[in-house]
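Have a look at the structure below before the remarks.
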Amino acid sequence: MASNENLNEFTLAKSWRWVPLVGWTAAGLLLFASWLWPVTREAWDVFDAWVFHAMNGTVASSDIWATIWALTGGQRFDTFSTLMIFAIYLYHIGSGDFARFRHGLAFGLMTAVLLLVIVALQYQIIAFPRLSPSRVLDGFHSIKDIIPWSAAKEGSDRSFPAGHATVTMILAVLWWRGFNWRFGLVGVALAFFLALPPIAAGAHWASDAVIGGGAVTFITFAIIVGTPLPWYIYRAALKPTDRALSFWVRFADRLSPEGHDNVNPTRQVLRGMCIGAADLVPGVSGGTMALILGIYKRLIGAIASFDKDLLGLLRQRQVLAAARHVDMLFLGTIGVGVLLSLIIFSRIIPLSMMVTNLPEITFGFFFGLIAASIVGLLSHVHAKGATSIFWIGLGVVFGLLAAILVPVRTPDASWFIFLCGMIAAAAMLVPGVSGSFVLLILGKYTDAIEALGKLDFSFIAPLAAGVVTGALLFSRAISWLLDRFYRQTLLTVIGILGGSLLAVWPFKHRHYETIGAKVQLIKADPYLPAHLDMTVFFTIAAIGAGIFLYRFLDRLAQHTDAEEN
């Protein structure tokens with residue numbers, strides 16, 4: 001395998017450069033000294049108090065802000081943010097050519113080594129006992145007083161330095177130098193926004209991040225631009241990377257059907273994560289996400305390939321041919337992404353919690369995503385004439401019927417859970433029809449999310465069996481429709497998406513009742529907000545974020561295989 005790195009993106013120092021080494025190291029030491037010197041320390045203390053009161057004051061100013069800080073201030077969100085950073089990194093290295101993917105893997109190994117060493121040294125050298133602002137300053141607003149379920153960290157006896165801020169700031173520098181300035185800016189934005197929750201909660205001072213993280217980041221930058229040490233680590237990381245990639249290429253070639261490319265698995269894993277996240281939200285369809293991502297037809301075809309031909313190949317012990325027949329490598333990587341989403345959004349940051357505590361923002365995000373996808377799909381189909389209007393109108397009717405259905409009380413027996421899984425699977429495969437919404441209608445959505453979070457296999461097993469059975473049964477019908485009536489089917493799906501916008505309309509008066517010791521949504525009446533408040537502002541911002549995500553996903557879909565177009 002070739003070993004040429006992309007020199008246009010790769011800018012680590014390959015020899016000792018004393019001027020930048022001494023200069024950036026001095027900058028880091030001076031920044032840290034400004035916190036120790038009494039004259040400048042007084043200015044930092046004023047800055048700390050101002051930032052703390054401004055950020056922590058938002059807790060008392062709005063329940064929306066308090067809920068946001070409650071969700072983002074705990075260990076669960078720390079885990080989620082780590083996975084999010086990893087997903088962004090995978091997207092970047094997987095969205096280019098194979099050379100970038102190879103470079104990205106080796107660079108990731110180098111980054112992991114540097115971070116482990118630097119963070120360990122940081123805590124050994126510059127860690128100081130320091131009480132957090134919540135334990136020092138007056139006027140502290142506790143998030144738990146407003147949001148009782150909050151697990152946000154609100155105090156610390158050793159707040160200096162801010163470890164998470166240090167890691168994200170170093171990542172931003174490494175991304176900037178190892179790839180390009182645009183990706184570096186993404187890292188800067190992440191470092192800024194991820195530093196805010198602990199400051200708002202009162203667990204960290206602003207200077208914990210600016211001084212503690214900033215000084216270490218300057219010194220790290222000095223090492224990157226002034227010494228060849230990161231370059232040596234990178235070169236060493238290329239050897240195991242090349243061996244792993246050589247094995248993967250041979251493996252992918254043997255398992256991939258003719259005409260399909262599975263060499264870069266990161267794209268499919270990320271697509272699977274998007275599909276899995278969509279399937280967990282009532283009113284949002286995993287099929288819709290697959291359609292947006294440009295893999296819907298291939299996904300349906302792969303599921304429909306579990307047929308008698310597969311059984312014949314297995315009886316003849318032609319395992320590789322059987323794997324190629326069902327496009328197993330494609331399904332496997334998509335499945336890994338779906339599984340990751342199920343774990344993340346049921347155990348780490350439960351979407352059911354988001355839907356319950358921030359319904360306007362959560363549904364506003366998906367409203368923007370689906371609305372943008374409708375516009376995008378219409379531009380691809382070029383719908384014109386009365387026939388197109390008829391099929392779109394038919395889809396709108398179906399979408400509206402699904403949107404106005406009301407959740408009902410249903411049995412808890414295993415046979416009914418299996419039936420729910422079958423029906424939900426059929427809904428998941430059809431763009432615009434939400435499997436989670438079907439579970440909500442059947443009264444099993446909350447049970448399903450809780451079972452996933454607690455790993456309750458007495459519920460998960462029959463539900464999963466029903467999902468698999470339903471996917472195998474209904475995928476053939478959908479595949480048949482796509483093969484023979486592709487345009488009509490797609491136009492109907494666009495109509496269903498339009499009708500389903502009512503289901504995810506963010507502004508609703510939601511009515512809950514306790515049924516069998518469980519709080520369940522009984523009715524949701526849509527309304528138009530009469531004035532602009534914080535809830536409306538954040539919801540509009542969420543709609544904009546959904547539209548932006550569609551543009552991002554549409555760009556990802558443009559990299560899909562030619563036969564998916």
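For the structure tokens, the naming scheme is as follows: chains receive sequential letters (A, B, ...) according to their order of presentation, residues are indexed from 1 within each chain, and ligands are indexed from 1 in presentation order.
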
Got a sec: who's within 12 Å of Phe251 (chain A), counting only C-alpha atoms, leaving out chain neighbours fewer than 3 positions off, as an mmCIF file with N, CA and C atoms, in the first residue's frame?
```
data_model
loop_
_atom_site.group_PDB
_atom_site.id
_atom_site.type_symbol
_atom_site.label_atom_id
_atom_site.label_comp_id
_atom_site.auth_asym_id
_atom_site.auth_seq_id
_atom_site.Cartn_x
_atom_site.Cartn_y
_atom_site.Cartn_z
ATOM 1 N N ALA A 244 -3.600 -2.900 8.655
ATOM 2 C CA ALA A 244 -5.034 -3.050 8.897
ATOM 3 C C ALA A 244 -5.839 -2.729 7.633
ATOM 4 N N LEU A 245 -5.454 -1.673 6.918
ATOM 5 C CA LEU A 245 -6.185 -1.291 5.720
ATOM 6 C C LEU A 245 -5.999 -2.305 4.590
ATOM 7 N N SER A 246 -4.809 -2.870 4.481
ATOM 8 C CA SER A 246 -4.588 -3.895 3.456
ATOM 9 C C SER A 246 -5.488 -5.096 3.703
ATOM 10 N N PHE A 247 -5.599 -5.508 4.972
ATOM 11 C CA PHE A 247 -6.501 -6.616 5.311
ATOM 12 C C PHE A 247 -7.944 -6.248 4.991
ATOM 13 N N TRP A 248 -8.345 -5.015 5.358
ATOM 14 C CA TRP A 248 -9.730 -4.607 5.141
ATOM 15 C C TRP A 248 -10.077 -4.552 3.658
ATOM 16 N N ARG A 254 -13.732 -9.240 -1.239
ATOM 17 C CA ARG A 254 -14.279 -10.594 -1.278
ATOM 18 C C ARG A 254 -15.757 -10.631 -0.913
ATOM 19 N N LEU A 255 -16.207 -9.699 -0.053
ATOM 20 C CA LEU A 255 -17.590 -9.739 0.433
ATOM 21 C C LEU A 255 -18.530 -8.790 -0.300
ATOM 22 N N SER A 256 -18.017 -7.894 -1.123
ATOM 23 C CA SER A 256 -18.872 -6.887 -1.760
ATOM 24 C C SER A 256 -19.479 -7.425 -3.059
ATOM 25 N N ASP A 261 -19.308 -0.660 -3.607
ATOM 26 C CA ASP A 261 -18.037 -0.308 -2.975
ATOM 27 C C ASP A 261 -18.233 -0.260 -1.465
ATOM 28 N N ASN A 262 -17.484 -1.079 -0.737
ATOM 29 C CA ASN A 262 -17.546 -1.072 0.727
ATOM 30 C C ASN A 262 -16.190 -0.791 1.351
ATOM 31 N N VAL A 263 -15.267 -0.224 0.564
ATOM 32 C CA VAL A 263 -13.901 -0.032 1.064
ATOM 33 C C VAL A 263 -13.878 0.940 2.240
ATOM 34 N N ASN A 264 -14.672 2.010 2.184
ATOM 35 C CA ASN A 264 -14.679 3.013 3.243
ATOM 36 C C ASN A 264 -15.880 2.784 4.153
ATOM 37 N N PRO A 265 -15.694 2.119 5.304
ATOM 38 C CA PRO A 265 -16.840 1.769 6.143
ATOM 39 C C PRO A 265 -17.383 2.919 6.981
ATOM 40 N N LEU A 320 -19.244 -17.123 1.441
ATOM 41 C CA LEU A 320 -18.874 -15.845 0.835
ATOM 42 C C LEU A 320 -19.914 -15.414 -0.194
ATOM 43 N N ALA A 323 -22.890 -14.096 1.631
ATOM 44 C CA ALA A 323 -22.646 -12.756 2.171
ATOM 45 C C ALA A 323 -22.733 -11.703 1.074
ATOM 46 N N ARG A 324 -22.196 -12.016 -0.104
ATOM 47 C CA ARG A 324 -22.291 -11.070 -1.225
ATOM 48 C C ARG A 324 -23.739 -10.917 -1.678
ATOM 49 N N MET A 328 -23.867 -8.195 2.783
ATOM 50 C CA MET A 328 -23.722 -8.279 4.230
ATOM 51 C C MET A 328 -22.797 -7.214 4.799
ATOM 52 N N LEU A 329 -21.747 -6.872 4.081
ATOM 53 C CA LEU A 329 -20.823 -5.865 4.599
ATOM 54 C C LEU A 329 -21.509 -4.506 4.710
#
```

>> Can you tell me which residues surround Leu115 (chain A) at a distance of at most 10 Å, considering only C-alpha atoms, apart from same-chain residues fewer than 3 positions away, and format the answer as a ChimeraX atom specification?
In response: /A:110-112,118-121,166-168,170-171,220

Closest pair table for region 160-215 of chain A residues within 8 Å of region 73-84 of chain A, only C-alpha atoms, as CSV:
```
residue,atom,partner,partner_atom,distance
A:Leu194,CA,A:Ser81,CA,7.9
A:Pro197,CA,A:Gly73,CA,5.1
A:Pro198,CA,A:Gly73,CA,5.7
A:Ala201,CA,A:Gly73,CA,6.8
```

Restricting the output to C-alpha atoms, write the selected residues as a short mmCIF file (atom, residue, chain, number, x, y, z; two decimals), in the first residue's frame.
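Dumped to part12.cif:
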```
data_model
loop_
_atom_site.label_atom_id
_atom_site.label_comp_id
_atom_site.auth_asym_id
_atom_site.auth_seq_id
_atom_site.Cartn_x
_atom_site.Cartn_y
_atom_site.Cartn_z
CA LEU A 194 -18.37 22.34 25.25
CA PRO A 197 -22.06 23.97 30.43
CA PRO A 198 -19.70 23.47 33.41
CA ALA A 201 -23.49 25.05 36.24
#
```

>> Excluding Phe390 (chain A) and its own-chain neighbours fewer than 4 positions away, which residues fall within 12 Å of it when counting only C-alpha atoms? Please give them as a PyMOL selection string.
In response: chain A and resi 383-386+394-397+488-489+491-492+494-495

Any chance you could export the current selection's N, CA and C atoms as a compact mmCIF listing (two decimals), in the first residue's frame?
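Writing done, so here's result15.txt:
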```txt
# COMPACT_ATOMS: atom_id res chain seq x y z
N ALA A 383 -41.24 17.09 -10.08
CA ALA A 383 -42.68 16.78 -10.12
C ALA A 383 -43.42 17.83 -10.95
N LYS A 384 -44.11 17.37 -12.01
CA LYS A 384 -44.90 18.25 -12.86
C LYS A 384 -46.16 17.50 -13.31
N GLY A 385 -47.23 18.26 -13.58
CA GLY A 385 -48.43 17.68 -14.14
C GLY A 385 -49.39 17.16 -13.08
N ALA A 386 -50.61 16.83 -13.56
CA ALA A 386 -51.68 16.38 -12.67
C ALA A 386 -51.36 15.04 -12.04
N LEU A 394 -52.08 11.98 -2.58
CA LEU A 394 -52.39 10.71 -1.91
C LEU A 394 -51.46 10.48 -0.73
N GLY A 395 -50.19 10.79 -0.92
CA GLY A 395 -49.24 10.64 0.18
C GLY A 395 -49.54 11.59 1.33
N VAL A 396 -49.94 12.83 1.02
CA VAL A 396 -50.28 13.79 2.06
C VAL A 396 -51.43 13.27 2.92
N VAL A 397 -52.43 12.66 2.27
CA VAL A 397 -53.56 12.11 3.02
C VAL A 397 -53.09 11.03 3.99
N GLN A 488 -43.70 6.95 -9.07
CA GLN A 488 -44.96 7.07 -8.34
C GLN A 488 -44.76 6.82 -6.84
N THR A 489 -43.91 5.84 -6.52
CA THR A 489 -43.65 5.55 -5.12
C THR A 489 -42.95 6.72 -4.44
N LEU A 491 -42.97 9.89 -5.34
CA LEU A 491 -43.89 11.03 -5.21
C LEU A 491 -44.85 10.83 -4.03
N THR A 492 -45.33 9.60 -3.86
CA THR A 492 -46.21 9.31 -2.73
C THR A 492 -45.47 9.49 -1.41
N ILE A 494 -42.98 11.50 -0.86
CA ILE A 494 -42.82 12.94 -0.63
C ILE A 494 -44.10 13.51 -0.02
N GLY A 495 -45.24 13.05 -0.52
CA GLY A 495 -46.51 13.48 0.05
C GLY A 495 -46.67 13.04 1.50
```

>> What's the separation between CA of Phe366 (chain A) and CA of Gly546 (chain A), in Å to one decimal place?
In response: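 Interatomic distance here is 5.9 Å.
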
>> I'd like the neighbourhood of Gly364 (chain A) as an MDAnalysis selection string, where a residue qualifies if any of its atoms comes within 12 Å (using only C-alpha atoms), though same-chain residues fewer than 3 positions away should be ignored.
In response: chainID A and resid 283:284 354:355 358:361 367:371 501:508 535:547

>> Applying 9 Å and only C-alpha atoms, which residues near region 209-214 of chain A remain after dropping the ones on its own chain fewer than 3 positions away? List them as a PyMOL selection string.
In response: chain A and resi 28+31-32+34-35+122+126-127+160-170+195+204-206+217-219

Selection file, C-alpha atoms, as a PDB file, in the first residue's frame:
```
ATOM      1  CA  GLY A  28       2.046  29.416  27.191  1.00  0.00           C
ATOM      2  CA  LEU A  31      -0.326  33.102  29.965  1.00  0.00           C
ATOM      3  CA  PHE A  32      -0.002  30.866  33.001  1.00  0.00           C
ATOM      4  CA  SER A  34      -0.525  36.102  34.255  1.00  0.00           C
ATOM      5  CA  TRP A  35      -2.775  33.990  36.464  1.00  0.00           C
ATOM      6  CA  GLN A 122      -1.016  18.603  32.868  1.00  0.00           C
ATOM      7  CA  ILE A 126      -0.159  22.472  36.940  1.00  0.00           C
ATOM      8  CA  ALA A 127      -3.086  21.043  38.893  1.00  0.00           C
ATOM      9  CA  PHE A 160      -8.337  23.932  37.899  1.00  0.00           C
ATOM     10  CA  PRO A 161      -7.474  23.063  35.157  1.00  0.00           C
ATOM     11  CA  ALA A 162     -10.506  22.232  32.999  1.00  0.00           C
ATOM     12  CA  GLY A 163      -9.593  18.833  31.544  1.00  0.00           C
ATOM     13  CA  HIS A 164     -12.327  18.618  28.909  1.00  0.00           C
ATOM     14  CA  ALA A 165     -11.570  22.125  27.652  1.00  0.00           C
ATOM     15  CA  THR A 166      -7.891  21.229  27.386  1.00  0.00           C
ATOM     16  CA  VAL A 167      -8.615  18.137  25.297  1.00  0.00           C
ATOM     17  CA  THR A 168     -10.918  19.933  22.850  1.00  0.00           C
ATOM     18  CA  MET A 169      -8.529  22.891  22.482  1.00  0.00           C
ATOM     19  CA  ILE A 170      -5.630  20.554  21.714  1.00  0.00           C
ATOM     20  CA  ALA A 195     -16.674  24.659  27.768  1.00  0.00           C
ATOM     21  CA  HIS A 204     -15.610  25.609  36.601  1.00  0.00           C
ATOM     22  CA  TRP A 205     -14.296  29.138  36.321  1.00  0.00           C
ATOM     23  CA  ALA A 206     -13.770  30.581  32.850  1.00  0.00           C
ATOM     24  CA  THR A 217      -2.518  24.206  24.204  1.00  0.00           C
ATOM     25  CA  PHE A 218       0.175  26.818  23.460  1.00  0.00           C
ATOM     26  CA  ILE A 219       2.875  24.422  24.640  1.00  0.00           C
TER      27      ILE A 219
END
```

>> Which residues are near His92 (chain A)? Cut-off 9 Å, only C-alpha atoms, ignore same chain within fewer than 3 positions. Put them as a VMD selection string.
In response: chain A and resid 87 to 89 95 to 96 100 to 101 104 183

Can you spit out the residues from that selection as a PDB file, in the first residue's frame, using N, CA and C atoms?
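Printed below is part21.pdb as written:
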```
ATOM      1  N   ALA A  87     -17.398  10.983  15.915  1.00  0.00           N
ATOM      2  CA  ALA A  87     -18.214  10.868  14.704  1.00  0.00           C
ATOM      3  C   ALA A  87     -17.846  11.953  13.690  1.00  0.00           C
ATOM      4  N   ILE A  88     -17.624  13.181  14.159  1.00  0.00           N
ATOM      5  CA  ILE A  88     -17.219  14.269  13.265  1.00  0.00           C
ATOM      6  C   ILE A  88     -15.881  13.944  12.617  1.00  0.00           C
ATOM      7  N   TYR A  89     -14.972  13.393  13.406  1.00  0.00           N
ATOM      8  CA  TYR A  89     -13.658  13.022  12.881  1.00  0.00           C
ATOM      9  C   TYR A  89     -13.793  11.930  11.825  1.00  0.00           C
ATOM     10  N   SER A  95     -14.951  11.273   4.204  1.00  0.00           N
ATOM     11  CA  SER A  95     -15.644  11.982   3.129  1.00  0.00           C
ATOM     12  C   SER A  95     -14.730  12.320   1.959  1.00  0.00           C
ATOM     13  N   GLY A  96     -13.445  12.004   2.089  1.00  0.00           N
ATOM     14  CA  GLY A  96     -12.515  12.264   0.995  1.00  0.00           C
ATOM     15  C   GLY A  96     -12.113  10.977   0.304  1.00  0.00           C
ATOM     16  N   ARG A 100      -6.887  10.197   2.189  1.00  0.00           N
ATOM     17  CA  ARG A 100      -7.256  10.964   3.384  1.00  0.00           C
ATOM     18  C   ARG A 100      -7.685  10.023   4.508  1.00  0.00           C
ATOM     19  N   PHE A 101      -8.410   8.956   4.165  1.00  0.00           N
ATOM     20  CA  PHE A 101      -8.858   8.003   5.171  1.00  0.00           C
ATOM     21  C   PHE A 101      -7.656   7.360   5.867  1.00  0.00           C
ATOM     22  N   GLY A 104      -5.947   9.911   7.954  1.00  0.00           N
ATOM     23  CA  GLY A 104      -6.750  10.211   9.136  1.00  0.00           C
ATOM     24  C   GLY A 104      -6.620   9.160  10.221  1.00  0.00           C
ATOM     25  N   PHE A 183     -11.439  22.513   9.041  1.00  0.00           N
ATOM     26  CA  PHE A 183     -11.687  21.485  10.048  1.00  0.00           C
ATOM     27  C   PHE A 183     -11.178  21.945  11.407  1.00  0.00           C
TER      28      PHE A 183
END
```

>> Report, in Å to a single decimal, how far apart CA of Ile224 (chain A) and CA of Leu12 (chain A) are.
In response: 6.0 Å

>> I'd like to know which of A:Phe548, A:Tyr234, A:Phe363, A:Phe459 is closest to Ala278 (chain A), using only C-alpha atoms.
In response: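 Of all the options, A:Phe363 lies closest to Ala278 (chain A).
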
>> Can you tell me which residues surround Ile449 (chain A) at a distance of at most 8 Å, considering only C-alpha atoms, apart from same-chain residues fewer than 4 positions away, and format the answer as a list of chain:residue names?
In response: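 Here the answer would be A:Ser346, A:Pro350, A:Ser352, A:Tyr445, A:Gly453.
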
For the selection you just gave me, I'd like the residues written to a file as a tab-separated table (two decimals), in the first residue's frame, keeping N, CA and C atoms.
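The file below, result30.tsv, is the result:
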```tsv
chain	number	residue	atom	x	y	z
A	346	SER	N	-30.49	5.88	23.98
A	346	SER	CA	-31.35	5.23	24.96
A	346	SER	C	-30.68	5.14	26.32
A	350	PRO	N	-30.88	9.92	26.55
A	350	PRO	CA	-32.14	9.35	26.07
A	350	PRO	C	-32.96	10.38	25.30
A	352	SER	N	-36.00	10.06	24.65
A	352	SER	CA	-37.29	10.20	25.33
A	352	SER	C	-37.23	11.34	26.34
A	445	TYR	N	-43.93	2.88	23.11
A	445	TYR	CA	-42.72	3.66	22.85
A	445	TYR	C	-41.89	3.84	24.12
A	453	GLY	N	-32.71	1.09	27.56
A	453	GLY	CA	-31.84	1.70	28.56
A	453	GLY	C	-31.46	0.75	29.68
```

>> To one decimal place in Å, what is the distance between CA of Ala304 (chain A) and CA of Ala426 (chain A)?
In response: 12.6 Å

>> Calculated over only C-alpha atoms, which of the candidates A:Pro257, A:Trp50, A:Ala424, A:Ala277 has the smallest distance to Ile349 (chain A)?
In response: A:Ala277

>> If DSSP is run on the backbone, what residues of region 397-476 of chain A are helix (DSSP H, G or I)? A reply as a ChimeraX atom specification would be ideal.
In response: /A:397-404,414-429,435-441,445-454,457-476

> With only C-alpha atoms as the basis for distance, which of A:Ser134, A:Ser62, A:Gly155, A:Gly301 is at the shortest distance from Asp483 (chain A)?
Replying inline: A:Gly301
